[in-house]
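So the structure is just underneath, and the comments pick up after that.
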Amino acid sequence: MNLLITGGAGYVGSHCTKRAVAAGHKCVVFDNLKSGHKEFVRWGPLIHADIRDTSAIRRALSEYNIDAVMHFAALAYVGESVDQPASYYDVNVNGTRVLLDAMVATNVKQLVFSSSCAIYGQPEIIPISEESTPLPINPYGFTKFACERMISDYSLAYGLHSVCLRYFNAAGADPDCEIGEDHDPETHLIPLVLDTALRRRNSVAVFGDDYATADGTAVRDYVHVADLADAHTAALSYLENGGDSVVMNLGTGCGISVNELILKSQNITGRAIHSVRSPRRTGDPAELIAKPGLAKDLIGWEPRRSNLEVMLADAWAWHIKRFA
Ligand SMILES: NC(=O)c1ccc[n+]([C@@H]2O[C@H](COP(=O)([O-])OP(=O)(O)OC[C@H]3O[C@@H](n4cnc5c(N)ncnc54)[C@H](O)[C@@H]3O)[C@@H](O)[C@H]2O)c1
């Protein structure tokens, strides 16, 4: 298929592009490079444009004869979304609307969308199934939920077929070390820990050590970015084979605590990693762990690289190459 990859210069989008090309698809990346990297666009041409630009999106869809879209482009910082909700609603929600309208206008019917476990907010039941009521607690989560609703409404009204993938914590890097994670500012735990190992920062903050978890620190479900990439390609095949529109979790079902992650990082890197106890952050739940069965049942997805050692080893190899 000919694929348009919005946000394909970013962390998850670039890995998914590489994987989709390996599966035989042709990819065109559409990205304004707000947080993406030109050098991550290696498996197809780059259209340097904004998803809110109706004519640029329409032109891309028709000029490249696009069959399906993978939509990653978004603003994705929770804290920033609290301070600047207008930008988040504009890029994430309005940008998605512009994209969907362009797809309807050019008769492109298949969409894989990057959603997030942020739509669940602070769920009471762990592991979290797709049936849990979405109750976001920040603007970022609300924008993702609004996009899911919009996609569902467009599916009903205009015959769009979509898979919304609710990722838990993306982690790791390309096993071939060609691309990886590079956000500025960085807010994700693994790169922050590895930055500390590399002495690019003095310490890593541990937000809360009095949660009701085994070691008192917060527990999250980390999923290797290469496994996310596999899931996107599998989701496309599902749509190609006539699958109904669906929403599914992408997580492993296993939780890893902040302390566990820091300790394991010391083993993998062979370096001391200085951590500093800090107060809990508002809105940070004790545990976020996916119930992962639906993705296995519907698209045959099973994570292959999402164990902590492999994720850290892949991330560390990339981190040294990029930043040391
Ligand atoms: N990384 C995670 O752990 C995680 C978890 C859940 C969901 N997600 C979602 O996955 C997607 C990708 O996340 P990521 O971590 O790769 O982020 P990223 O910032 O690395 O990638 C986002 C890409 O979108 C591009 N972009 C942003 N605004 C744009 C616009 N207006 N027009 C065109 N391009 C634009 C950026 O330049 C960047 O290349 C996002 O939608 C994010 O919400 C990520």
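Naming scheme: A, B, ... for chains in displayed order of the structure tokens; residues 1 onward per chain; ligands 1 onward as shown.
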
Worksheet item: Quick one: residues within 10 Å of stretch 75-79 of chain A, only C-alpha atoms counted, chain neighbours fewer than 5 positions away excluded, as a list in words?
Response: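 Final neighbour list, sorted by chain and number: Gly7, Lys34, Ser35, Gln84, Pro85, Ser87, Tyr88, Tyr89, Asp90, Val91, Asn92, Ser116, Ala118, Ile137, Asn138, Pro139, Tyr140, Gly141, Thr143, Lys144, Pro185, Glu186, Thr187 and His188 of chain A.
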
Sorted by chain and rising residue number, list the residues of chain A at most 6 Å from ligand 1 (counting only C-alpha atoms and all ligand atoms), each with its closest atom pair and distance in Å to one decimal, as a tab-separated table.
residue	atom	partner	partner_atom_place_in_ligand_line	distance
A:Gly7	CA	ligand 1	24 (O)	3.5
A:Gly8	CA	ligand 1	39 (O)	5.7
A:Ala9	CA	ligand 1	39 (O)	4.1
A:Gly10	CA	ligand 1	39 (O)	3.3
A:Tyr11	CA	ligand 1	16 (O)	3.6
A:Val12	CA	ligand 1	16 (O)	3.8
A:Gly13	CA	ligand 1	16 (O)	5.5
A:Asp31	CA	ligand 1	34 (N)	3.7
A:Asn32	CA	ligand 1	33 (C)	4.1
A:Leu33	CA	ligand 1	37 (O)	3.6
A:Lys34	CA	ligand 1	37 (O)	3.8
A:Ser35	CA	ligand 1	37 (O)	3.9
A:Gly36	CA	ligand 1	39 (O)	3.1
A:Ala49	CA	ligand 1	33 (C)	5.9
A:Asp50	CA	ligand 1	32 (N)	3.5
A:Ile51	CA	ligand 1	32 (N)	4.1
A:Phe72	CA	ligand 1	41 (O)	4.2
A:Ala73	CA	ligand 1	24 (O)	3.3
A:Ala74	CA	ligand 1	27 (C)	4.4
A:Leu75	CA	ligand 1	27 (C)	5.4
A:Ala76	CA	ligand 1	43 (O)	4.6
A:Val91	CA	ligand 1	31 (N)	5.1
A:Ser114	CA	ligand 1	10 (O)	4.8
A:Ser115	CA	ligand 1	7 (C)	5.2
A:Ser116	CA	ligand 1	6 (C)	4.0
A:Tyr167	CA	ligand 1	6 (C)	4.5
A:Phe168	CA	ligand 1	5 (C)	5.5
A:Asn169	CA	ligand 1	3 (O)	4.2
A:Ala170	CA	ligand 1	3 (O)	3.8

Worksheet entry | Spatial neighbours of A:Ala313, 9 Å, only C-alpha atoms, chain gap at least 2 places, as a PyMOL selection string | chain A and resi 172-173+265+268-269+308-311+315-318

Write the selection just made, keeping N, CA and C atoms, as an mmCIF file, in the first residue's frame?
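Final output, out15.cif:
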data_model
loop_
_atom_site.group_PDB
_atom_site.id
_atom_site.type_symbol
_atom_site.label_atom_id
_atom_site.label_comp_id
_atom_site.auth_asym_id
_atom_site.auth_seq_id
_atom_site.Cartn_x
_atom_site.Cartn_y
_atom_site.Cartn_z
ATOM 1 N N GLY A 172 12.648 2.112 24.393
ATOM 2 C CA GLY A 172 13.623 1.428 23.554
ATOM 3 C C GLY A 172 13.942 2.206 22.289
ATOM 4 N N ALA A 173 14.672 1.557 21.415
ATOM 5 C CA ALA A 173 15.093 2.177 20.160
ATOM 6 C C ALA A 173 15.231 1.082 19.113
ATOM 7 N N SER A 265 18.923 -0.157 34.926
ATOM 8 C CA SER A 265 19.719 0.719 34.056
ATOM 9 C C SER A 265 21.163 0.786 34.539
ATOM 10 N N ILE A 268 22.734 -2.374 33.187
ATOM 11 C CA ILE A 268 22.926 -2.373 31.724
ATOM 12 C C ILE A 268 24.031 -1.394 31.319
ATOM 13 N N THR A 269 24.066 -0.239 31.946
ATOM 14 C CA THR A 269 25.038 0.782 31.525
ATOM 15 C C THR A 269 26.377 0.621 32.247
ATOM 16 N N LEU A 308 12.391 -5.581 30.011
ATOM 17 C CA LEU A 308 13.119 -4.395 30.472
ATOM 18 C C LEU A 308 14.574 -4.385 29.998
ATOM 19 N N GLU A 309 15.238 -5.542 30.086
ATOM 20 C CA GLU A 309 16.658 -5.573 29.694
ATOM 21 C C GLU A 309 16.850 -5.209 28.231
ATOM 22 N N VAL A 310 16.013 -5.787 27.367
ATOM 23 C CA VAL A 310 16.158 -5.524 25.929
ATOM 24 C C VAL A 310 15.838 -4.052 25.628
ATOM 25 N N MET A 311 14.767 -3.550 26.250
ATOM 26 C CA MET A 311 14.405 -2.137 25.994
ATOM 27 C C MET A 311 15.528 -1.209 26.421
ATOM 28 N N ALA A 315 17.873 1.058 24.010
ATOM 29 C CA ALA A 315 17.852 2.501 24.244
ATOM 30 C C ALA A 315 19.258 3.019 24.552
ATOM 31 N N TRP A 316 20.014 2.241 25.306
ATOM 32 C CA TRP A 316 21.370 2.659 25.700
ATOM 33 C C TRP A 316 22.296 2.715 24.479
ATOM 34 N N ALA A 317 22.205 1.700 23.621
ATOM 35 C CA ALA A 317 23.041 1.691 22.404
ATOM 36 C C ALA A 317 22.768 2.954 21.578
ATOM 37 N N TRP A 318 21.498 3.282 21.428
ATOM 38 C CA TRP A 318 21.125 4.482 20.662
ATOM 39 C C TRP A 318 21.583 5.755 21.384
#

Practice prompt. Among the residues of stretch 89-315 of chain A, find those DSSP assigns to strand (DSSP E) from the backbone and print them as a VMD selection string.
Written response: chain A and resid 110 to 116 161 to 167 169 to 171 204 to 207 219 to 220 222 to 224 246 to 250 256 to 257 275 to 278 287 to 288

Practice prompt. Between A:Ser132, A:Ala272, A:Leu198, A:Thr17, single out the one closest to A:Lys291, counting only C-alpha atoms.
Written response: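 Of the candidates, the smallest distance to A:Lys291 is held by A:Ser132.
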
Discussion item. When you count only C-alpha atoms, which of these residues is closest to A:Asp210: A:Ala286, A:Ala295, A:Leu99, A:Ile126?
Written reply: A:Ala286

Practice prompt. Could you jot down the atom CA of A:Asn259 to atom CA of A:Ala205 separation for me, Å, one decimal place?
Written response: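 Between atom CA of A:Asn259 and atom CA of A:Ala205 the gap works out to 10.7 Å.
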
Fill in: A:Gly242, A:Pro279, A:Pro191, A:Gly180 ranked by distance to A:Lys321, top pick (using only C-alpha atoms)
A:Gly180

Worksheet item: What gap, in Å, lies between atom CA of A:Glu302 and atom CA of A:Thr233?
Response: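 If I compute the distance from atom CA of A:Glu302 to atom CA of A:Thr233, I get 12.6 Å.
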
Discussion item. I'd like the neighbourhood of A:Val112 as number ranges by chain, where a residue qualifies if any of its atoms comes within 6 Å (using only C-alpha atoms), though same-chain residues fewer than 2 positions away should be ignored.
Written reply: A: 70, 162-164

With N, CA and C atoms kept, could you save the residues just selected as a compact mmCIF listing (two decimals), in the first residue's frame?
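Okay, this is what ended up in out_33.txt:
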# COMPACT_ATOMS: atom_id res chain seq x y z
N MET A 70 -1.20 6.53 8.52
CA MET A 70 -0.85 6.32 9.93
C MET A 70 -0.64 7.71 10.52
N SER A 162 -10.92 2.31 10.78
CA SER A 162 -9.83 2.82 11.61
C SER A 162 -9.45 1.85 12.71
N VAL A 163 -8.17 1.92 13.07
CA VAL A 163 -7.70 1.25 14.29
C VAL A 163 -7.06 2.33 15.15
N CYS A 164 -7.60 2.53 16.34
CA CYS A 164 -6.99 3.46 17.30
C CYS A 164 -6.19 2.64 18.28

Worksheet entry | Coordinates-based distance that separates atom CA of A:Tyr64 from atom CA of A:Pro45 (Å, one decimal) | 10.4 Å
